[in-house]
Each structure stands twice: as C-alpha cells, then as structure tokens.
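A.B. asks: Structure file input.cif (mmCIF, C-alpha atoms) right here:
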data_start
loop_
_atom_site.label_atom_id
_atom_site.label_comp_id
_atom_site.auth_asym_id
_atom_site.auth_seq_id
_atom_site.Cartn_x
_atom_site.Cartn_y
_atom_site.Cartn_z
CA MET Z 6 3.99 15.69 43.62
CA ALA Z 7 2.44 12.30 42.94
CA ARG Z 8 4.36 9.78 40.94
CA ALA Z 9 2.69 7.22 38.68
CA LEU Z 10 3.15 3.64 39.77
CA ARG Z 11 5.00 1.44 37.32
CA PRO Z 12 3.30 -1.93 37.02
CA THR Z 13 5.56 -4.95 36.68
CA GLY Z 14 5.19 -8.27 34.95
CA PRO Z 15 4.94 -9.51 31.36
CA LYS Z 16 1.88 -7.42 30.49
CA ALA Z 17 3.55 -4.24 31.79
CA ALA Z 18 6.65 -5.00 29.73
CA MET Z 19 4.46 -5.43 26.65
CA VAL Z 20 2.72 -2.09 27.30
CA ARG Z 21 6.05 -0.29 27.77
CA GLY Z 22 7.37 -1.82 24.54
CA LEU Z 23 4.22 -0.76 22.70
CA ALA Z 24 4.51 2.77 24.11
CA ARG Z 25 8.15 2.97 22.91
CA GLU Z 26 7.16 1.80 19.42
CA LEU Z 27 4.31 4.32 19.29
CA GLY Z 28 6.67 7.09 20.40
CA ALA Z 29 9.05 6.22 17.58
CA LEU Z 30 6.11 6.17 15.16
CA LEU Z 31 5.04 9.63 16.36
CA ALA Z 32 8.44 11.03 15.46
CA GLU Z 33 8.66 9.13 12.17
CA LEU Z 34 5.24 10.26 10.93
CA GLY Z 35 5.28 13.72 12.53
CA LEU Z 36 2.09 13.07 14.50
CA ALA Z 37 1.03 14.93 17.66
CA GLU Z 38 -0.54 11.86 19.26
CA ILE Z 39 -1.41 8.26 18.60
CA GLU Z 40 -3.67 5.81 20.43
CA VAL Z 41 -3.90 2.03 20.15
CA ALA Z 42 -6.32 -0.41 21.79
CA TRP Z 43 -5.34 -4.06 21.85
CA GLY Z 44 -7.63 -6.37 23.78
CA ASP Z 45 -8.07 -4.85 27.24
CA VAL Z 46 -4.91 -2.70 26.85
CA ARG Z 47 -5.21 0.89 25.66
CA VAL Z 48 -2.09 3.03 25.12
CA ARG Z 49 -2.07 6.70 24.09
CA VAL Z 50 1.17 8.54 23.40
CA GLN Z 51 1.20 12.32 22.98
CA ARG Z 52 4.06 14.71 22.26
CA ALA Z 53 4.87 17.16 25.03
CA GLY Z 54 2.97 20.40 24.52
CA ALA Z 55 0.57 18.87 21.99
CA THR Z 56 -3.12 19.24 22.63
CA PRO Z 57 -5.51 16.45 21.68
CA ALA Z 58 -6.92 16.94 18.22
CA ALA Z 59 -10.56 17.93 18.09
CA PRO Z 60 -12.72 16.18 15.53
CA ALA Z 61 -12.73 18.12 12.29
CA ALA Z 62 -15.89 20.09 11.68
CA PRO Z 63 -17.57 19.26 8.39
CA ALA Z 64 -16.65 22.38 6.48
CA ALA Z 65 -16.14 22.99 2.80
CA ALA Z 66 -12.44 22.44 2.29
CA PRO Z 67 -10.56 22.96 -0.93
CA ALA Z 68 -10.09 19.77 -2.90
CA PRO Z 69 -6.72 18.18 -2.24
CA ALA Z 70 -4.19 18.35 -5.04
CA LEU Z 71 -3.92 15.07 -6.88
CA ALA Z 72 -0.59 13.33 -6.58
CA PRO Z 73 1.21 12.94 -9.89
CA LEU Z 74 1.04 9.50 -11.41
CA PRO Z 75 4.21 7.45 -11.08
CA ALA Z 76 6.64 8.10 -13.91
CA SER Z 77 6.87 5.51 -16.63
CA PRO Z 78 9.74 3.10 -16.23
CA ALA Z 79 12.96 4.20 -17.89
CA GLY Z 80 13.08 3.48 -21.60
CA VAL Z 81 9.44 2.35 -21.85
CA ASP Z 82 7.13 4.18 -24.25
CA LEU Z 83 3.66 3.82 -22.70
CA THR Z 84 2.05 5.22 -25.85
CA ALA Z 85 3.07 2.05 -27.75
CA GLY Z 86 0.22 0.11 -26.15
CA VAL Z 87 -2.38 0.07 -23.41
CA PRO Z 88 -0.86 0.31 -19.93
CA ILE Z 89 -2.50 -1.85 -17.25
CA GLU Z 90 -2.15 0.18 -14.05
CA SER Z 91 -2.30 -0.79 -10.42
CA PRO Z 92 -5.67 0.06 -8.87
CA MET Z 93 -4.13 0.09 -5.38
CA VAL Z 94 -0.98 0.21 -3.30
CA GLY Z 95 0.40 -3.24 -2.51
CA THR Z 96 2.84 -5.99 -3.44
CA PHE Z 97 2.94 -7.26 -7.04
CA TYR Z 98 2.99 -11.02 -7.68
CA ARG Z 99 3.18 -12.56 -11.14
CA ALA Z 100 1.93 -16.01 -10.03
CA PRO Z 101 -0.79 -17.36 -7.71
CA SER Z 102 1.81 -18.98 -5.41
CA PRO Z 103 5.61 -18.90 -5.03
CA GLY Z 104 6.28 -22.13 -6.98
CA ALA Z 105 3.61 -21.66 -9.65
CA GLU Z 106 4.04 -20.48 -13.22
CA PRO Z 107 3.34 -16.77 -13.83
CA TYR Z 108 -0.11 -15.83 -15.06
CA VAL Z 109 1.41 -14.23 -18.19
CA ARG Z 110 4.81 -13.68 -19.78
CA GLU Z 111 5.99 -11.12 -22.30
CA GLY Z 112 4.74 -12.16 -25.74
CA ASP Z 113 1.67 -14.02 -24.44
CA VAL Z 114 -1.68 -13.27 -26.04
CA VAL Z 115 -4.34 -12.32 -23.49
CA LYS Z 116 -8.11 -11.90 -23.58
CA GLU Z 117 -10.02 -9.02 -22.03
CA GLY Z 118 -10.75 -9.98 -18.42
CA GLN Z 119 -7.88 -12.49 -18.20
CA ILE Z 120 -5.94 -12.43 -14.90
CA LEU Z 121 -2.50 -10.88 -15.34
CA CYS Z 122 -1.20 -10.78 -11.77
CA ILE Z 123 -2.08 -10.44 -8.10
CA ILE Z 124 -1.60 -7.43 -5.86
CA GLU Z 125 -1.52 -8.16 -2.17
CA ALA Z 126 -2.94 -5.33 -0.08
CA MET Z 127 -3.56 -5.69 3.64
CA LYS Z 128 -3.24 -9.49 3.44
CA LEU Z 129 -5.88 -9.68 0.70
CA MET Z 130 -4.98 -11.06 -2.72
CA ASN Z 131 -6.51 -8.96 -5.50
CA GLU Z 132 -6.55 -10.39 -9.03
CA ILE Z 133 -5.74 -7.79 -11.70
CA GLU Z 134 -7.39 -8.41 -15.06
CA SER Z 135 -6.57 -7.17 -18.54
CA ARG Z 136 -8.76 -4.33 -19.80
CA VAL Z 137 -8.05 -5.23 -23.43
CA ALA Z 138 -7.32 -8.23 -25.62
CA GLY Z 139 -3.85 -8.26 -27.11
CA ARG Z 140 -0.22 -9.27 -26.65
CA VAL Z 141 1.78 -8.63 -23.47
CA ALA Z 142 4.49 -6.31 -24.80
CA LYS Z 143 6.20 -5.62 -21.49
CA VAL Z 144 6.01 -6.61 -17.82
CA LEU Z 145 6.98 -3.39 -16.03
CA VAL Z 146 7.29 -4.57 -12.40
CA GLU Z 147 9.52 -7.18 -10.78
CA ASN Z 148 7.83 -10.01 -8.88
CA GLY Z 149 7.48 -9.29 -5.16
CA HIS Z 150 8.05 -5.53 -5.50
CA GLY Z 151 5.78 -2.86 -4.07
CA VAL Z 152 3.52 -0.90 -6.40
CA GLU Z 153 1.69 2.41 -6.07
CA TYR Z 154 -1.80 3.43 -7.14
CA GLY Z 155 -1.78 4.20 -10.88
CA GLN Z 156 1.65 2.65 -11.50
CA PRO Z 157 1.88 0.87 -14.87
CA LEU Z 158 2.24 -2.91 -14.42
CA PHE Z 159 1.98 -4.23 -17.97
CA LEU Z 160 1.98 -2.83 -21.47
CA ILE Z 161 -0.51 -4.58 -23.77
CA GLU Z 162 -0.45 -4.19 -27.56
CA PRO Z 163 -4.14 -4.37 -28.47
CA VAL Z 164 -5.46 -6.72 -31.14
CA ARG Z 165 -6.13 -4.77 -34.32
#
Mind turning this structure into structure tokens?
C.D. replies:
Amino acid sequence: MARALRPTGPKAAMVRGLARELGALLAELGLAEIEVAWGDVRVRVQRAGATPAAPAAPAAAPAPALAPLPASPAGVDLTAGVPIESPMVGTFYRAPSPGAEPYVREGDVVKEGQILCIIEAMKLMNEIESRVAGRVAKVLVENGHGVEYGQPLFLIEPVR
C-alpha cells in the first residue's frame, strides 16, 4: 500500500491549514465536497463515501418556494407608512463613514431618491435611496447590524 508523501515547509503548512478549514466548512454547511484554488495551490476536500457531484442537467425543475419576508420589528406597524426594504443581504450603515453624521434621522423630511443609508455587501458600498418623499417615521435597524433581503430598514410617512 502506497502512502502519500507529506510535503514540509511554510506552503505545506498553509495547505494543511486550508484543508482543515475546508473540512470544518463541509461539516458546518452539510456539503459532500468543496474545492478551492488559490494562486498555484488547489485543495479539494471530500467526505468519505461521497461521490463527486455531476453537473446538473438542465431540466425543468419545480420553482423553489419563496422564503417568507422577515417579520416586522416588534411593535412597529408597517401599514402606517411606506417601508423602505433592503434590496440585498449585507451590513447596514446609517452614515457614509464611522465619524460622519447619519444620512437621515427619525423626523427628517426626505425627497424621493434621497440616500437613506448604505448597505455593505461583499466589500461594496450600496447606497439605498428613498422610494417616496415624506418624513422618516422610524429607523428600524441598528447601525452596523446585518440585514436580510426584503427586511424593512425605514418607515416613511409619505407627503400628502
């Protein structure tokens, strides 16, 4: 029975560490295998007894069930105004930088298209604009907290 040689050195230690992290990720996410290429290093980790996944054939599959929208925050009546919802998953920021003033505060009057906040997603800063003109009735998310797709961020009382 042949035994695989174990390379030594800093690169080998990095590869072993990466393989350990990928193994933990396999268990955490319930995957059968995972593969990562980083520069000239390629590591594939597969669960024992798992067979490599074949590419899915383009077949008519039933439409996936839509996930329910996040529940409205406790004690907030979203029918009292127009909710401004997150268009993506990310991190909510009320200001353009840590020391800066927030874009808007509760009670501020906003115009349609005015920037309300930023959502950071994959190291990209995405400006979220108001869909309506009105008064900011409620800020529904704490600064620096994660948000989900469709989660209400602000409640705007439209101008009548």
A.B. asks: For Phe97 in chain Z, which residue among Z:Leu158, Z:Ile39, Z:Ala29, Z:Ile120 is the nearest when counting all atoms listed in the file?
C.D. replies: Z:Leu158
A.B. asks: Tell me which of Z:Ala32, Z:Ile124, Z:Tyr154, Z:Lys116 sits closest to Arg140 in chain Z, counting only C-alpha atoms.
C.D. replies: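 Result for the nearest residue to Arg140 in chain Z: Z:Lys116.
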A.B. asks: For the structure shown, which residues end up in the PyMOL selection byres ((chain Z and resi 99-107) around 8)? Put them as a list in words, please?
C.D. replies: Phe97, Tyr98, Tyr108, Val109, Arg110, Leu121, Cys122, Ile123 and Asn148 of chain Z
A.B. asks: Measure the distance from CA of Val141 in chain Z to CA of Glu90 in chain Z in Å and round it to one decimal.
C.D. replies: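 Straight-line distance from CA of Val141 in chain Z to CA of Glu90 in chain Z works out to 13.5 Å.
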A.B. asks: Which residues fall under the PyMOL selection byres ((chain Z and resi 25-27) around 9) in this file, as a PyMOL selection string?
C.D. replies: chain Z and resi 20-24+28-32+38-41+48-50
A.B. asks: I would like the residues chosen by the PyMOL selection byres ((chain Z and resi 115) around 7) on the shown file; could you give them as a VMD selection string?
C.D. replies: chain Z and resid 113 to 114 116 to 117 119 138 to 140
A.B. asks: Rounded to one decimal in Å, what is the spacing between CA of Glu125 in chain Z and CA of Gly35 in chain Z?
C.D. replies: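 Rounded to one decimal, the two atoms are 27.2 Å apart.
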A.B. asks: Hey, which of Z:Met127, Z:Leu34, Z:Val137, Z:Ile161 ends up closest to Thr96 in chain Z? Count all atoms listed in the file.
C.D. replies: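 So, comparing all the options, the nearest one is Z:Met127.
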A.B. asks: Within 12 Å of (1.5, 0.7, -27.7) (file coordinates; only C-alpha atoms), which protein or nucleic acid residues are there? I'd like them as a list of chain:residue names.
C.D. replies: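 Using only C-alpha atoms, the matching residues come out as Z:Val81, Z:Asp82, Z:Leu83, Z:Thr84, Z:Ala85, Z:Gly86, Z:Val87, Z:Pro88, Z:Ile89, Z:Gly139, Z:Arg140, Z:Val141, Z:Ala142, Z:Lys143, Z:Phe159, Z:Leu160, Z:Ile161, Z:Glu162, Z:Pro163, Z:Val164, Z:Arg165.
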A.B. asks: Could you work out how far CA of Glu111 in chain Z lies from CA of Val144 in chain Z, giving the answer in Å with one decimal?
C.D. replies: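 These atoms are spaced 6.4 Å apart.
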A.B. asks: Nearest to Lys128 in chain Z among Z:Arg52, Z:Gly151, Z:Gly95, Z:Ala42, with distances taken over all atoms listed in the file: which residue is it?
C.D. replies: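 Closest to Lys128 in chain Z, using all atoms listed in the file: Z:Gly95.
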